[in-house]
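This report refers to the structure that appears directly beneath it.
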Amino acid sequence: MHILLVGAGLSGAVIGRHLAEAGHRITIVDARDHVAGNCHTGRDAETGVMVHVYGPHIFHTDDAEVWDYVNRFETFQPYKNRVKTTSRDPQGELGVFSLPVNLHTINQFFRKTLRPDEARAFITEEQADTSIADPQTFEEQALRFVGRDLYEAFFKGYTIKQWGVQPSELPASILKRLPVRFNYDDNYFFHRFQGMPENGYTAMVERILDHPAIEVRLGTQFSRDQAGAYDHVFYSGPLDGWFDYELGRLGYRTLDFERFSYQGDYQGCAVMNYGEVDVPYTRITEHKHFAPWESHEGSVCYREFSRACTPEDIPYYPIRQVREKALLADYVARAEAERGVTFVGRLGTYRYLDMDVTIREALDAARTFLTHAEDGTAMPAFVAAPL
């Protein structure tokens with residue numbers, strides 16, 4: 001078959017490669033002038049630093065097959081994400097603390113020397129708001145588990161800046177886990193496999209796409225009337241975009257990046273959050289620290305600002321509040337009535353996806369397609385349900 005994939009990010013590349021290896025002819029189009037989507041990386045000409053052009057992407061997963069898959073196309077160096085945050089302690093003094101909140105954070109923030117059991121008792125018995133029996137909002141969830149001081153220092157201001165609403169307006173599900181560790185583990189992620197591609201994500205995606213049955217067309221806009229020329233389409237663009245936004249636009253947050261250079265080491269870590277609401281940016285990223293096996297005198301940094309996404313912006317974070325979910329349900333119903341197209345990826349299913357989940361779902365989509373092709377049944381509009 002001749003298969004079209006819209007988008008040369010992880011979804012399009014992985015599905016395309018899998019189907020190409022199964023003997024199908026693959027065409028991939030992308031409106032941008034590069035592959036790898038939002039995980040695109042490139043060397044800064046002045047400093048030599050590998051820059052994450054659309055913001056940092058750190059690979060972490062418990063999925064052994066996905067880990068083996070990415071290592072098939074690129075060498076992954078060990079990398080642990082250790083995030084710091086600048087905020088004020090209960091005495092109003094500015095300090096730098098470790099995230100996620102851990103035993104070091106607690107002892108430094110409250111100026112104590114607690115052991116793990118003592119810290120657990122201190123937080124759960126003296127700090128946590130136990131009057132909140134069934135947290136319904138992000139704010140209630142945070143107050144219930146960590147108390148007001150930690151909530152206001154590390155969660156409230158950052159959340160307001162990131163999402164553009166008060167935490168009392170966000171669902172408790174956003175803060176899914178107890179956001180405290182009662183040990184000194186400051187590794188932001190907890191997955192078994194964690195790392196960074198030695199030569200960047202773009203090099204990895206280019207290798208995935210390096211197959212004689214794959215044709216990649218960059219700088220190429222897609223319109224729905226082109227779909228009929230192919231046996232099937234995998235679409236990783238915005239779900240509402242497929243329907244020309246006829247029912248309205250699904251809401252996203254976008255990011256603005258303010259780049260600056262520095263000679264030396266600007267902040268000593270890859271990611272520094274800023275928890276105070278009167279600091280307009282959410283964080284500063286220093287990209288040479290994402291490749292600690294390299295050495296660079298110069299440094300490339302970005303201040304990161306979050307705001308509502310307009311039609312001209314790159315959509316980053318799906319909002320998925322009540323209004324958006326209602327609109328999403330309408331678009332999903334329309335999509336399921338379509339034939340010859342499967343919606344995949346972050347934009348195609350209107351879900352925030354980590355890279356490992358994106359790859360897992362792409363592999364599943366490709367395998368599902370091959371099964372349906374073999375038995376002659378129709379491929380569904382979604383392999384991973386958006387709702």
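Note on naming: chains are A, B, ... as they come in the structure tokens, residues start from 1 per chain, ligands start from 1 in the order shown.
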**Report entry** Those in stretch 76-281 of chain A with strand (DSSP E) from DSSP, as a ChimeraX atom specification
**Finding:** /A:76-78,83-88,94-99,193-197,214-218,232-235,252-263,271-274
Requested in this report: Excluding A:Ala153 and residues on its chain fewer than 6 positions from it, collect all residues at most 10 Å away from it, counting only C-alpha atoms, and give them as a list in words.
Outcome: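 Contacts, in chain order: Thr85, Thr86, Ser87, Arg88, Asp89, Pro90, Gly92, Phe109, Tyr274, Gly275, Glu276 and Val277 of chain A.
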Interface rows for stretch 284-387 of chain A against stretch 7-28 of chain A: nearest pair, Å to one decimal, 9 Å, only C-alpha atoms, as a Markdown table:
| residue | atom | partner | partner_atom | distance |
| --- | --- | --- | --- | --- |
| A:Val344 | CA | A:Ser11 | CA | 6.9 |
| A:Gly345 | CA | A:Ser11 | CA | 5.8 |
| A:Arg346 | CA | A:Ser11 | CA | 8.8 |
| A:Met355 | CA | A:Leu10 | CA | 7.7 |
| A:Thr358 | CA | A:Ser11 | CA | 6.3 |
| A:Ile359 | CA | A:Ser11 | CA | 6.3 |
| A:Glu361 | CA | A:Ser11 | CA | 7.9 |
| A:Ala362 | CA | A:Ser11 | CA | 5.3 |
| A:Leu363 | CA | A:Ile15 | CA | 6.2 |
| A:Asp364 | CA | A:Ile15 | CA | 8.7 |
| A:Ala365 | CA | A:Ile15 | CA | 7.1 |
| A:Ala366 | CA | A:Ile15 | CA | 5.3 |
| A:Arg367 | CA | A:His18 | CA | 8.1 |
| A:Phe369 | CA | A:Leu19 | CA | 8.7 |
| A:Leu370 | CA | A:Leu19 | CA | 7.8 |
Atoms to include: all heavy atoms. Write the selected residues as an mmCIF file, in the first residue's frame.
data_model
loop_
_atom_site.group_PDB
_atom_site.id
_atom_site.type_symbol
_atom_site.label_atom_id
_atom_site.label_comp_id
_atom_site.auth_asym_id
_atom_site.auth_seq_id
_atom_site.Cartn_x
_atom_site.Cartn_y
_atom_site.Cartn_z
ATOM 1 N N VAL A 344 -3.278 10.138 15.369
ATOM 2 C CA VAL A 344 -2.251 9.641 16.286
ATOM 3 C C VAL A 344 -1.506 10.809 16.925
ATOM 4 O O VAL A 344 -1.561 11.955 16.447
ATOM 5 C CB VAL A 344 -1.235 8.735 15.548
ATOM 6 C CG1 VAL A 344 -1.906 7.461 15.042
ATOM 7 C CG2 VAL A 344 -0.564 9.481 14.401
ATOM 8 N N GLY A 345 -0.803 10.513 17.998
ATOM 9 C CA GLY A 345 0.092 11.481 18.614
ATOM 10 C C GLY A 345 -0.608 12.473 19.530
ATOM 11 O O GLY A 345 -1.815 12.425 19.754
ATOM 12 N N ARG A 346 0.193 13.392 20.027
ATOM 13 C CA ARG A 346 -0.264 14.390 20.990
ATOM 14 C C ARG A 346 -1.376 15.264 20.423
ATOM 15 O O ARG A 346 -2.408 15.474 21.064
ATOM 16 C CB ARG A 346 0.945 15.244 21.397
ATOM 17 C CG ARG A 346 0.660 16.396 22.335
ATOM 18 C CD ARG A 346 1.961 17.107 22.667
ATOM 19 N NE ARG A 346 2.625 17.603 21.469
ATOM 20 C CZ ARG A 346 2.478 18.830 20.977
ATOM 21 N NH1 ARG A 346 1.693 19.693 21.583
ATOM 22 N NH2 ARG A 346 3.128 19.209 19.889
ATOM 23 N N MET A 355 7.413 11.267 25.464
ATOM 24 C CA MET A 355 7.961 10.684 24.244
ATOM 25 C C MET A 355 7.839 9.168 24.210
ATOM 26 O O MET A 355 7.554 8.584 23.155
ATOM 27 C CB MET A 355 9.428 11.099 24.092
ATOM 28 C CG MET A 355 9.622 12.549 23.735
ATOM 29 S SD MET A 355 11.374 12.976 23.530
ATOM 30 C CE MET A 355 11.903 12.923 25.251
ATOM 31 N N THR A 358 4.358 8.225 23.271
ATOM 32 C CA THR A 358 4.152 8.511 21.850
ATOM 33 C C THR A 358 4.697 7.377 20.993
ATOM 34 O O THR A 358 4.039 6.909 20.051
ATOM 35 C CB THR A 358 4.837 9.835 21.473
ATOM 36 O OG1 THR A 358 4.285 10.895 22.251
ATOM 37 C CG2 THR A 358 4.660 10.144 19.999
ATOM 38 N N ILE A 359 5.903 6.909 21.318
ATOM 39 C CA ILE A 359 6.519 5.820 20.550
ATOM 40 C C ILE A 359 5.754 4.517 20.749
ATOM 41 O O ILE A 359 5.500 3.779 19.790
ATOM 42 C CB ILE A 359 7.998 5.678 20.933
ATOM 43 C CG1 ILE A 359 8.774 6.916 20.458
ATOM 44 C CG2 ILE A 359 8.595 4.400 20.337
ATOM 45 C CD1 ILE A 359 10.197 6.978 20.967
ATOM 46 N N GLU A 361 2.574 4.144 21.455
ATOM 47 C CA GLU A 361 1.310 4.201 20.728
ATOM 48 C C GLU A 361 1.526 4.143 19.216
ATOM 49 O O GLU A 361 0.685 3.604 18.493
ATOM 50 C CB GLU A 361 0.536 5.464 21.123
ATOM 51 C CG GLU A 361 0.053 5.415 22.569
ATOM 52 C CD GLU A 361 -0.854 6.573 22.944
ATOM 53 O OE1 GLU A 361 -1.086 7.466 22.088
ATOM 54 O OE2 GLU A 361 -1.335 6.592 24.095
ATOM 55 N N ALA A 362 2.657 4.684 18.741
ATOM 56 C CA ALA A 362 2.962 4.606 17.314
ATOM 57 C C ALA A 362 3.229 3.161 16.895
ATOM 58 O O ALA A 362 2.752 2.708 15.842
ATOM 59 C CB ALA A 362 4.165 5.492 16.986
ATOM 60 N N LEU A 363 3.995 2.436 17.702
ATOM 61 C CA LEU A 363 4.236 1.016 17.411
ATOM 62 C C LEU A 363 2.934 0.230 17.430
ATOM 63 O O LEU A 363 2.682 -0.609 16.551
ATOM 64 C CB LEU A 363 5.221 0.433 18.426
ATOM 65 C CG LEU A 363 6.664 0.911 18.318
ATOM 66 C CD1 LEU A 363 7.471 0.450 19.540
ATOM 67 C CD2 LEU A 363 7.320 0.403 17.038
ATOM 68 N N ASP A 364 2.081 0.515 18.419
ATOM 69 C CA ASP A 364 0.797 -0.174 18.504
ATOM 70 C C ASP A 364 -0.080 0.143 17.292
ATOM 71 O O ASP A 364 -0.760 -0.741 16.757
ATOM 72 C CB ASP A 364 0.064 0.237 19.789
ATOM 73 C CG ASP A 364 0.738 -0.294 21.051
ATOM 74 O OD1 ASP A 364 1.603 -1.183 20.933
ATOM 75 O OD2 ASP A 364 0.403 0.198 22.147
ATOM 76 N N ALA A 365 -0.054 1.423 16.856
ATOM 77 C CA ALA A 365 -0.859 1.821 15.700
ATOM 78 C C ALA A 365 -0.392 1.105 14.440
ATOM 79 O O ALA A 365 -1.213 0.626 13.631
ATOM 80 C CB ALA A 365 -0.797 3.335 15.513
ATOM 81 N N ALA A 366 0.914 1.035 14.250
ATOM 82 C CA ALA A 366 1.449 0.363 13.059
ATOM 83 C C ALA A 366 1.102 -1.124 13.062
ATOM 84 O O ALA A 366 0.705 -1.690 12.027
ATOM 85 C CB ALA A 366 2.964 0.562 12.992
ATOM 86 N N ARG A 367 1.220 -1.767 14.206
ATOM 87 C CA ARG A 367 0.907 -3.195 14.295
ATOM 88 C C ARG A 367 -0.588 -3.443 14.092
ATOM 89 O O ARG A 367 -0.985 -4.426 13.454
ATOM 90 C CB ARG A 367 1.372 -3.732 15.650
ATOM 91 C CG ARG A 367 2.889 -3.808 15.750
ATOM 92 C CD ARG A 367 3.362 -3.982 17.174
ATOM 93 N NE ARG A 367 4.814 -4.073 17.229
ATOM 94 C CZ ARG A 367 5.532 -3.898 18.336
ATOM 95 N NH1 ARG A 367 4.933 -3.620 19.488
ATOM 96 N NH2 ARG A 367 6.851 -4.000 18.300
ATOM 97 N N PHE A 369 -2.537 -1.602 12.285
ATOM 98 C CA PHE A 369 -2.787 -1.418 10.849
ATOM 99 C C PHE A 369 -2.440 -2.689 10.072
ATOM 100 O O PHE A 369 -3.195 -3.120 9.186
ATOM 101 C CB PHE A 369 -1.975 -0.249 10.319
ATOM 102 C CG PHE A 369 -2.130 -0.037 8.837
ATOM 103 C CD1 PHE A 369 -3.220 0.649 8.331
ATOM 104 C CD2 PHE A 369 -1.186 -0.546 7.940
ATOM 105 C CE1 PHE A 369 -3.381 0.828 6.965
ATOM 106 C CE2 PHE A 369 -1.335 -0.368 6.576
ATOM 107 C CZ PHE A 369 -2.436 0.325 6.086
ATOM 108 N N LEU A 370 -1.307 -3.285 10.383
ATOM 109 C CA LEU A 370 -0.889 -4.492 9.667
ATOM 110 C C LEU A 370 -1.871 -5.628 9.905
ATOM 111 O O LEU A 370 -2.164 -6.408 8.989
ATOM 112 C CB LEU A 370 0.516 -4.903 10.113
ATOM 113 C CG LEU A 370 1.637 -3.932 9.724
ATOM 114 C CD1 LEU A 370 2.971 -4.394 10.292
ATOM 115 C CD2 LEU A 370 1.736 -3.785 8.210
#
Report task. Write out as a PyMOL selection string the residues lying within 7 Å of A:Tyr79, counting only C-alpha atoms and excluding same-chain residues fewer than 4 positions away. Result -> chain A and resi 194-196
Please write the residues from the selection above to a file, keeping all heavy atoms, as a PDB file, in the first residue's frame.
ATOM      1  N   GLN A 194      16.431   6.055  31.797  1.00  0.00           N
ATOM      2  CA  GLN A 194      16.474   7.507  31.650  1.00  0.00           C
ATOM      3  C   GLN A 194      17.746   7.875  30.893  1.00  0.00           C
ATOM      4  O   GLN A 194      18.818   7.333  31.173  1.00  0.00           O
ATOM      5  CB  GLN A 194      16.472   8.207  33.017  1.00  0.00           C
ATOM      6  CG  GLN A 194      15.263   7.888  33.872  1.00  0.00           C
ATOM      7  CD  GLN A 194      15.277   8.608  35.213  1.00  0.00           C
ATOM      8  OE1 GLN A 194      15.656   9.764  35.282  1.00  0.00           O
ATOM      9  NE2 GLN A 194      14.866   7.926  36.272  1.00  0.00           N
ATOM     10  N   GLY A 195      17.615   8.798  29.951  1.00  0.00           N
ATOM     11  CA  GLY A 195      18.810   9.168  29.206  1.00  0.00           C
ATOM     12  C   GLY A 195      18.554  10.264  28.199  1.00  0.00           C
ATOM     13  O   GLY A 195      17.440  10.763  28.041  1.00  0.00           O
ATOM     14  N   MET A 196      19.633  10.633  27.515  1.00  0.00           N
ATOM     15  CA  MET A 196      19.601  11.635  26.455  1.00  0.00           C
ATOM     16  C   MET A 196      20.328  11.086  25.225  1.00  0.00           C
ATOM     17  O   MET A 196      21.381  10.450  25.362  1.00  0.00           O
ATOM     18  CB  MET A 196      20.316  12.908  26.905  1.00  0.00           C
ATOM     19  CG  MET A 196      19.508  13.784  27.833  1.00  0.00           C
ATOM     20  SD  MET A 196      18.204  14.637  26.925  1.00  0.00           S
ATOM     21  CE  MET A 196      17.806  15.918  28.123  1.00  0.00           C
TER      22      MET A 196
END
Report summary line: Across A:Thr47, A:Thr349, A:Thr105, A:Ser168, the smallest distance to A:Pro318, with only C-alpha atoms counted, is shown by A:Thr349
Query raised in the report: Near stretch 66-74 of chain A, counting only C-alpha atoms, which residues have an atom at most 6 Å away, once you skip same-chain residues fewer than 2 positions from it, shown as a list in words?
Result: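 The filter keeps Asp63, Ala64, Met204 and Arg207 of chain A.
You can rank A:Asp330, A:Glu336, A:Gly268, A:Gly55 by their closest distance to A:Ala378 using only C-alpha atoms, and at the top of that list sits A:Glu336.
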Query - Test item, alpha helix (DSSP H) assignment across stretch 28-259 of chain A, answer as a VMD selection string - result: chain A and resid 64 to 73 103 to 110 116 to 121 138 to 151 157 to 163 201 to 208 239 to 242
Query raised in the report: Between A:Leu94, A:Ala142, A:Val180, A:Ala45, which is the closest to A:Pro167 once you count only C-alpha atoms?
Result: A:Ala142
Query raised in the report: With only C-alpha atoms as the basis for distance, which of A:Ala329, A:Leu114, A:Ala229, A:Ala270 is at the shortest distance from A:Pro386?
Result: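 Using only C-alpha atoms, A:Pro386 sits closest to A:Ala329.
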Report task. Grab the atom CA of A:Thr282 to atom CA of A:Glu304 distance for me, in Å with one decimal place. Result -> 5.8 Å
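Residue nearest A:Ser299 within the list A:Thr159, A:Thr285, A:Thr371, A:Gln221: A:Thr285 [criterion: smallest interatomic distance, only C-alpha atoms].
For the choices A:Val35, A:Val165, A:Leu103, A:Val341, the atom-to-atom distance to A:Phe234 is smallest for A:Val341 when using only C-alpha atoms.
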Query raised in the report: Which value, in Å to one decimal, gives the distance between atom CA of A:Leu247 and atom CA of A:Leu327?
Result: 7.5 Å
